[in-house]
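First up is the structure itself, then whatever we jot down about it.
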Amino acid sequence: DPTLCVVLPDRVIRHRDHWYMDAKTVTGLAQQFQDWDAPVVLVAEPADADADAVPGPTWTQVSGLGSQCRLVASRDPGRVIAEESPDVWTALLAPRYLPLLEARLPGHCVPYAEYDLRNRLRYSLEGVGSPLRRARITAGAWSRELRLRRAVRRSVGLQCNGGVAFAAYGALQPRSMMFYDSRVFRESLAQGPRPLTGTLSLAFSGRLIQQKGFADALAAFAEARRRGLDAVLHVFGDGDQRDMIPDHDPHVEYHGLVSYEQDWVRFMTEEVDALLIPHRQGDPSCTYLEGMGCALPFVSYDNDTARHLVTVSHAGWTAPLGDVRGLAERLLRLQGEPGALAAAQDAALAFARQHTFETEYARRAEHLRSCGRGR
């Protein structure tokens, strides 16, 4: 295998002589490079000591990555790549990494893309009312987008997380590939959908923030309940909209942050019928695929990622962006059409079986090996 340098977008925290990182990232890295037989250098930016002195509940110690993997905490990944001189190096295709992607560094560059211009702009313009400021933000985004596209053309390969990124950048690079990122391991796949009962069991999972549509999920659920929906909504996650969860409502149950491997998968597989995740932005959230691994279809807004997944998996439904009543109507139809819900559950699990973590990362690893051999 080629020597490899991976620039991680996650920060690391130094605590009591150990490095800590988001648990989801550590789990993925441990699996991704367990069979890589050449040195792998992972570069991550260290967090400010006074900002994050103690790791949060979703962080874990960086360990179990294999003897071939080495973590380097640095705010200058370009310097690390220059010193290590790997055969292949990879970093996120994003404006923050433009100086790195444009630099003349040793080895073959294989960036990976997650967001397109449309979704980056939607995020940047959220809450910006001034027309002049919106115009400036848009002009700056377009300028950086052109530079990102030049970087893709100069690279040796490209990996795209999901159909949205692939549609935006795949044609720019002959050696491009698409994958679906998630923590859906073969051993954690549901054996099949749970039997449907009279009461519909729904779940929202993720950050409880505006961009993830948490307030809209609560509003849609409340509207559907007013119109006769017999259901309960389970809420997983945390965020600045947590206080919006109604007090003393037996139909809304808050679970907070839980372990993905130990608690989340088991609960979703055994207790939930579908996800209600009306994301307002089309980022390639893992929640879609991880829900499918538990045989759960999803109800979401018609964002770019949800639209793509509905097309390729037939395991979800969407409502127009901001249409809370449309979401509520979709929930009522789930209750009234149990056959359609059961078919979508089967489709969700079938899609997850095709795109397990092992399958997707084996494809990514082979792609990196190919790129390491040059053009």
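Note on naming: chains are A, B, ... as they come in the structure tokens, residues start from 1 per chain, ligands start from 1 in the order shown.
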Open item on the list: Can you tell me which residues surround region 175-191 of chain A at a distance of at most 9 Å, considering only C-alpha atoms, apart from same-chain residues fewer than 2 positions away, and format the answer as a ChimeraX atom specification?
Closed with: /A:24,27-28,156-163,165-166,169-173,193-194,260-261,265-266,269-270,284-295,349,352-353,355-358,360-361,363-364,367,371,375
Task: Exercise: region 206-210 of chain A partners within 7 Å, only C-alpha atoms, chain neighbours under 2 positions left out, as a list in words - done: Phe204, Lys212, Gly213, Phe214, Ala215, Phe236, Gly237, Asp238, Gly239, Asp240, Gln241 and Arg242 of chain A
Output file for the residues above (N, CA and C atoms, as a PDB file, in the first residue's frame):
ATOM      1  N   PHE A 204     -36.419  11.687  16.110  1.00  0.00           N
ATOM      2  CA  PHE A 204     -35.522  12.713  15.583  1.00  0.00           C
ATOM      3  C   PHE A 204     -34.174  12.461  16.234  1.00  0.00           C
ATOM      4  N   LYS A 212     -30.822  21.676  11.294  1.00  0.00           N
ATOM      5  CA  LYS A 212     -31.286  20.284  11.252  1.00  0.00           C
ATOM      6  C   LYS A 212     -32.801  20.175  11.313  1.00  0.00           C
ATOM      7  N   GLY A 213     -33.483  21.314  11.433  1.00  0.00           N
ATOM      8  CA  GLY A 213     -34.937  21.320  11.373  1.00  0.00           C
ATOM      9  C   GLY A 213     -35.629  20.784  12.606  1.00  0.00           C
ATOM     10  N   PHE A 214     -34.966  20.909  13.774  1.00  0.00           N
ATOM     11  CA  PHE A 214     -35.570  20.316  14.973  1.00  0.00           C
ATOM     12  C   PHE A 214     -36.880  21.002  15.350  1.00  0.00           C
ATOM     13  N   ALA A 215     -36.910  22.335  15.312  1.00  0.00           N
ATOM     14  CA  ALA A 215     -38.146  23.050  15.648  1.00  0.00           C
ATOM     15  C   ALA A 215     -39.271  22.658  14.698  1.00  0.00           C
ATOM     16  N   PHE A 236     -33.282  12.342  20.158  1.00  0.00           N
ATOM     17  CA  PHE A 236     -31.902  12.041  20.517  1.00  0.00           C
ATOM     18  C   PHE A 236     -31.007  13.185  20.072  1.00  0.00           C
ATOM     19  N   GLY A 237     -30.098  13.618  20.948  1.00  0.00           N
ATOM     20  CA  GLY A 237     -29.163  14.671  20.577  1.00  0.00           C
ATOM     21  C   GLY A 237     -29.200  15.818  21.563  1.00  0.00           C
ATOM     22  N   ASP A 238     -28.525  16.897  21.196  1.00  0.00           N
ATOM     23  CA  ASP A 238     -28.479  18.086  22.041  1.00  0.00           C
ATOM     24  C   ASP A 238     -28.220  19.292  21.148  1.00  0.00           C
ATOM     25  N   GLY A 239     -28.520  20.463  21.654  1.00  0.00           N
ATOM     26  CA  GLY A 239     -28.302  21.676  20.881  1.00  0.00           C
ATOM     27  C   GLY A 239     -29.060  22.843  21.475  1.00  0.00           C
ATOM     28  N   ASP A 240     -28.945  24.003  20.817  1.00  0.00           N
ATOM     29  CA  ASP A 240     -29.513  25.220  21.404  1.00  0.00           C
ATOM     30  C   ASP A 240     -31.033  25.283  21.351  1.00  0.00           C
ATOM     31  N   GLN A 241     -31.672  24.311  20.694  1.00  0.00           N
ATOM     32  CA  GLN A 241     -33.143  24.279  20.678  1.00  0.00           C
ATOM     33  C   GLN A 241     -33.708  23.209  21.620  1.00  0.00           C
ATOM     34  N   ARG A 242     -32.871  22.701  22.511  1.00  0.00           N
ATOM     35  CA  ARG A 242     -33.343  21.662  23.417  1.00  0.00           C
ATOM     36  C   ARG A 242     -34.503  22.149  24.287  1.00  0.00           C
TER      37      ARG A 242
END
Open item on the list: For region 87-97 of chain A, find every residue with an atom within 7 Å (counting only C-alpha atoms), except residues of its own chain fewer than 6 positions away, and show them as a PyMOL selection string.
Closed with: chain A and resi 2-8+107-113+144+148+372
Atoms kept (N, CA and C atoms) for selection, written as a PDB file, in the first residue's frame:
ATOM      1  N   PRO A   2       0.392   2.355  -0.576  1.00  0.00           N
ATOM      2  CA  PRO A   2       1.152   3.611  -0.542  1.00  0.00           C
ATOM      3  C   PRO A   2       1.142   4.218   0.859  1.00  0.00           C
ATOM      4  N   THR A   3       2.188   4.957   1.181  1.00  0.00           N
ATOM      5  CA  THR A   3       2.162   5.734   2.428  1.00  0.00           C
ATOM      6  C   THR A   3       1.124   6.829   2.280  1.00  0.00           C
ATOM      7  N   LEU A   4       0.471   7.168   3.393  1.00  0.00           N
ATOM      8  CA  LEU A   4      -0.722   8.009   3.322  1.00  0.00           C
ATOM      9  C   LEU A   4      -0.702   9.065   4.413  1.00  0.00           C
ATOM     10  N   CYS A   5      -1.181  10.253   4.064  1.00  0.00           N
ATOM     11  CA  CYS A   5      -1.367  11.328   5.030  1.00  0.00           C
ATOM     12  C   CYS A   5      -2.808  11.818   4.904  1.00  0.00           C
ATOM     13  N   VAL A   6      -3.545  11.788   6.025  1.00  0.00           N
ATOM     14  CA  VAL A   6      -4.959  12.170   6.036  1.00  0.00           C
ATOM     15  C   VAL A   6      -5.122  13.403   6.915  1.00  0.00           C
ATOM     16  N   VAL A   7      -5.577  14.500   6.314  1.00  0.00           N
ATOM     17  CA  VAL A   7      -5.840  15.724   7.066  1.00  0.00           C
ATOM     18  C   VAL A   7      -7.285  15.659   7.549  1.00  0.00           C
ATOM     19  N   LEU A   8      -7.459  15.570   8.855  1.00  0.00           N
ATOM     20  CA  LEU A   8      -8.794  15.419   9.440  1.00  0.00           C
ATOM     21  C   LEU A   8      -9.433  16.778   9.689  1.00  0.00           C
ATOM     22  N   GLY A 107       3.705  14.052  -3.108  1.00  0.00           N
ATOM     23  CA  GLY A 107       2.657  13.045  -3.114  1.00  0.00           C
ATOM     24  C   GLY A 107       1.476  13.426  -3.989  1.00  0.00           C
ATOM     25  N   HIS A 108       0.593  12.470  -4.174  1.00  0.00           N
ATOM     26  CA  HIS A 108      -0.601  12.665  -4.988  1.00  0.00           C
ATOM     27  C   HIS A 108      -1.753  13.140  -4.111  1.00  0.00           C
ATOM     28  N   CYS A 109      -2.370  14.233  -4.487  1.00  0.00           N
ATOM     29  CA  CYS A 109      -3.494  14.793  -3.736  1.00  0.00           C
ATOM     30  C   CYS A 109      -4.809  14.151  -4.185  1.00  0.00           C
ATOM     31  N   VAL A 110      -5.575  13.618  -3.235  1.00  0.00           N
ATOM     32  CA  VAL A 110      -6.892  13.040  -3.511  1.00  0.00           C
ATOM     33  C   VAL A 110      -7.880  13.654  -2.518  1.00  0.00           C
ATOM     34  N   PRO A 111      -8.451  14.811  -2.819  1.00  0.00           N
ATOM     35  CA  PRO A 111      -9.406  15.422  -1.877  1.00  0.00           C
ATOM     36  C   PRO A 111     -10.708  14.635  -1.822  1.00  0.00           C
ATOM     37  N   TYR A 112     -11.477  14.894  -0.782  1.00  0.00           N
ATOM     38  CA  TYR A 112     -12.810  14.304  -0.704  1.00  0.00           C
ATOM     39  C   TYR A 112     -13.812  15.431  -0.494  1.00  0.00           C
ATOM     40  N   ALA A 113     -14.942  15.312  -1.183  1.00  0.00           N
ATOM     41  CA  ALA A 113     -15.953  16.375  -1.196  1.00  0.00           C
ATOM     42  C   ALA A 113     -17.194  15.934  -0.437  1.00  0.00           C
ATOM     43  N   ARG A 144     -14.199  31.441  -4.396  1.00  0.00           N
ATOM     44  CA  ARG A 144     -13.577  30.271  -3.775  1.00  0.00           C
ATOM     45  C   ARG A 144     -13.977  28.983  -4.491  1.00  0.00           C
ATOM     46  N   LEU A 148     -11.661  25.941  -5.883  1.00  0.00           N
ATOM     47  CA  LEU A 148     -11.864  24.550  -5.515  1.00  0.00           C
ATOM     48  C   LEU A 148     -11.942  23.664  -6.755  1.00  0.00           C
ATOM     49  N   GLY A 372      -2.492   6.174  -5.666  1.00  0.00           N
ATOM     50  CA  GLY A 372      -1.097   6.151  -5.239  1.00  0.00           C
ATOM     51  C   GLY A 372      -0.159   5.678  -6.305  1.00  0.00           C
TER      52      GLY A 372
END
Open item on the list: I need the residues in region 63-302 of chain A that are alpha helix (DSSP H) according to DSSP; give them as a PyMOL selection string.
Closed with: chain A and resi 77-84+98-102+117-125+131-154+163-169+214-226+265-271+286-292
- [ ] Between A:Arg122, A:Arg70, A:Arg325, A:His314, single out the one closest to Ala340 (chain A), counting only C-alpha atoms.
- [x]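 Using only C-alpha atoms, the shortest distance to Ala340 (chain A) belongs to A:His314.
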Open item on the list: Residues of region 2-124 of chain A classed as strand (DSSP E or B) by DSSP on the backbone are to be reported as a PyMOL selection string.
Closed with: chain A and resi 4-15+18-22+40-46+59-61+69-73+88-90+92+108-109+112-113
Output N, CA and C atoms for every residue in that selection, as a compact mmCIF listing (two decimals), in the first residue's frame.
# COMPACT_ATOMS: atom_id res chain seq x y z
N LEU A 4 0.47 7.17 3.39
CA LEU A 4 -0.72 8.01 3.32
C LEU A 4 -0.70 9.06 4.41
N CYS A 5 -1.18 10.25 4.06
CA CYS A 5 -1.37 11.33 5.03
C CYS A 5 -2.81 11.82 4.90
N VAL A 6 -3.54 11.79 6.03
CA VAL A 6 -4.96 12.17 6.04
C VAL A 6 -5.12 13.40 6.91
N VAL A 7 -5.58 14.50 6.31
CA VAL A 7 -5.84 15.72 7.07
C VAL A 7 -7.29 15.66 7.55
N LEU A 8 -7.46 15.57 8.85
CA LEU A 8 -8.79 15.42 9.44
C LEU A 8 -9.43 16.78 9.69
N PRO A 9 -10.72 16.91 9.42
CA PRO A 9 -11.41 18.18 9.73
C PRO A 9 -11.72 18.32 11.21
N ASP A 10 -11.64 17.22 11.95
CA ASP A 10 -11.93 17.25 13.39
C ASP A 10 -10.74 17.79 14.18
N ARG A 11 -11.05 18.49 15.26
CA ARG A 11 -10.00 18.91 16.18
C ARG A 11 -9.74 17.81 17.20
N VAL A 12 -8.56 17.86 17.82
CA VAL A 12 -8.23 16.95 18.90
C VAL A 12 -7.99 17.76 20.17
N ILE A 13 -8.29 17.14 21.30
CA ILE A 13 -8.14 17.78 22.60
C ILE A 13 -7.12 17.01 23.42
N ARG A 14 -6.17 17.72 24.01
CA ARG A 14 -5.19 17.10 24.89
C ARG A 14 -5.73 17.15 26.32
N HIS A 15 -5.87 15.99 26.95
CA HIS A 15 -6.42 15.93 28.30
C HIS A 15 -5.74 14.81 29.07
N HIS A 18 -3.40 12.49 27.12
CA HIS A 18 -3.99 11.70 26.04
C HIS A 18 -4.71 12.62 25.07
N TRP A 19 -4.76 12.20 23.82
CA TRP A 19 -5.51 12.94 22.81
C TRP A 19 -6.92 12.37 22.72
N TYR A 20 -7.90 13.28 22.61
CA TYR A 20 -9.29 12.89 22.46
C TYR A 20 -9.86 13.48 21.17
N MET A 21 -10.80 12.73 20.59
CA MET A 21 -11.43 13.15 19.35
C MET A 21 -12.88 12.67 19.35
N ASP A 22 -13.68 13.22 18.48
CA ASP A 22 -15.06 12.78 18.35
C ASP A 22 -15.11 11.26 18.19
N VAL A 40 0.47 5.40 7.99
CA VAL A 40 -0.61 6.36 7.81
C VAL A 40 -0.43 7.45 8.87
N VAL A 41 -0.32 8.70 8.42
CA VAL A 41 -0.20 9.84 9.33
C VAL A 41 -1.51 10.60 9.32
N LEU A 42 -2.10 10.76 10.50
CA LEU A 42 -3.35 11.50 10.65
C LEU A 42 -3.03 12.87 11.22
N VAL A 43 -3.45 13.92 10.54
CA VAL A 43 -3.15 15.28 10.97
C VAL A 43 -4.44 15.95 11.43
N ALA A 44 -4.44 16.45 12.65
CA ALA A 44 -5.62 17.11 13.19
C ALA A 44 -5.21 18.36 13.95
N GLU A 45 -6.05 19.36 13.89
CA GLU A 45 -5.76 20.63 14.57
C GLU A 45 -6.03 20.50 16.06
N PRO A 46 -5.08 20.88 16.91
CA PRO A 46 -5.33 20.83 18.35
C PRO A 46 -6.27 21.95 18.79
N TRP A 59 -16.86 12.52 22.96
CA TRP A 59 -15.45 12.40 22.62
C TRP A 59 -14.88 11.15 23.27
N THR A 60 -13.84 10.60 22.65
CA THR A 60 -13.20 9.42 23.20
C THR A 60 -11.70 9.50 22.96
N GLN A 61 -10.96 8.74 23.70
CA GLN A 61 -9.51 8.74 23.56
C GLN A 61 -9.11 8.15 22.22
N CYS A 69 -0.67 3.54 12.19
CA CYS A 69 -1.25 4.88 12.22
C CYS A 69 -0.58 5.74 13.30
N ARG A 70 -0.35 6.98 12.95
CA ARG A 70 0.26 7.92 13.89
C ARG A 70 -0.48 9.25 13.81
N LEU A 71 -0.87 9.79 14.96
CA LEU A 71 -1.58 11.07 15.02
C LEU A 71 -0.59 12.20 15.24
N VAL A 72 -0.70 13.24 14.41
CA VAL A 72 0.10 14.44 14.55
C VAL A 72 -0.85 15.61 14.76
N ALA A 73 -0.76 16.27 15.90
CA ALA A 73 -1.58 17.44 16.18
C ALA A 73 -0.84 18.67 15.67
N VAL A 88 0.45 9.45 -1.03
CA VAL A 88 -0.88 10.02 -1.25
C VAL A 88 -1.27 10.83 -0.01
N TRP A 89 -1.93 11.96 -0.23
CA TRP A 89 -2.51 12.69 0.89
C TRP A 89 -3.91 13.17 0.52
N THR A 90 -4.74 13.28 1.53
CA THR A 90 -6.13 13.63 1.28
C THR A 90 -6.62 14.64 2.31
N LEU A 92 -10.27 17.51 3.06
CA LEU A 92 -11.61 17.91 2.67
C LEU A 92 -11.57 19.00 1.62
N HIS A 108 0.59 12.47 -4.17
CA HIS A 108 -0.60 12.66 -4.99
C HIS A 108 -1.75 13.14 -4.11
N CYS A 109 -2.37 14.23 -4.49
CA CYS A 109 -3.49 14.79 -3.74
C CYS A 109 -4.81 14.15 -4.19
N TYR A 112 -11.48 14.89 -0.78
CA TYR A 112 -12.81 14.30 -0.70
C TYR A 112 -13.81 15.43 -0.49
N ALA A 113 -14.94 15.31 -1.18
CA ALA A 113 -15.95 16.37 -1.20
C ALA A 113 -17.19 15.93 -0.44
- [ ] Quick one: pull the distance between CA of Leu125 (chain A) and CA of Leu276 (chain A), Å, one decimal.
- [x]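 Calculated distance between CA of Leu125 (chain A) and CA of Leu276 (chain A) is 24.9 Å.
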Task: Residue with smallest distance to Thr25 (chain A) - pool A:Ser130, A:Gln281, A:Gln335, A:Thr58, counting only C-alpha atoms - done: A:Thr58
- [ ] Find the residues near Phe298 (chain A): any atom within 7 Å, counting only C-alpha atoms, skip ones fewer than 3 places away on the same chain, and give them as a list in words.
- [x] Ala274, Leu275, Leu276, Ile277, Ala315, Gly316 and Trp317 of chain A
Put those residues in a file: C-alpha atoms, as a JSON list (two decimals), in the first residue's frame.
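The resulting part08.json:
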[["chain", "number", "residue", "atom", "x", "y", "z"],
["A", 274, "ALA", "CA", -39.36, 5.79, 10.99],
["A", 275, "LEU", "CA", -37.15, 8.86, 11.35],
["A", 276, "LEU", "CA", -38.48, 12.43, 11.27],
["A", 277, "ILE", "CA", -35.40, 14.46, 10.29],
["A", 315, "ALA", "CA", -36.73, 4.60, 1.53],
["A", 316, "GLY", "CA", -38.09, 8.02, 2.36],
["A", 317, "TRP", "CA", -40.51, 10.84, 1.70]]
Open item on the list: Just checking: using only C-alpha atoms, which residue out of A:Leu117, A:Asp243, A:Tyr123, A:Leu341 ends up closest to Trp142 (chain A)?
Closed with: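 Comparing A:Leu117, A:Asp243, A:Tyr123, A:Leu341 against Trp142 (chain A), the winner is A:Leu117.
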Task: Pick from A:Ala141, A:Ala306, A:Leu233, A:Val258, whichever lies nearest to Ala217 (chain A) using only C-alpha atoms - done: A:Leu233
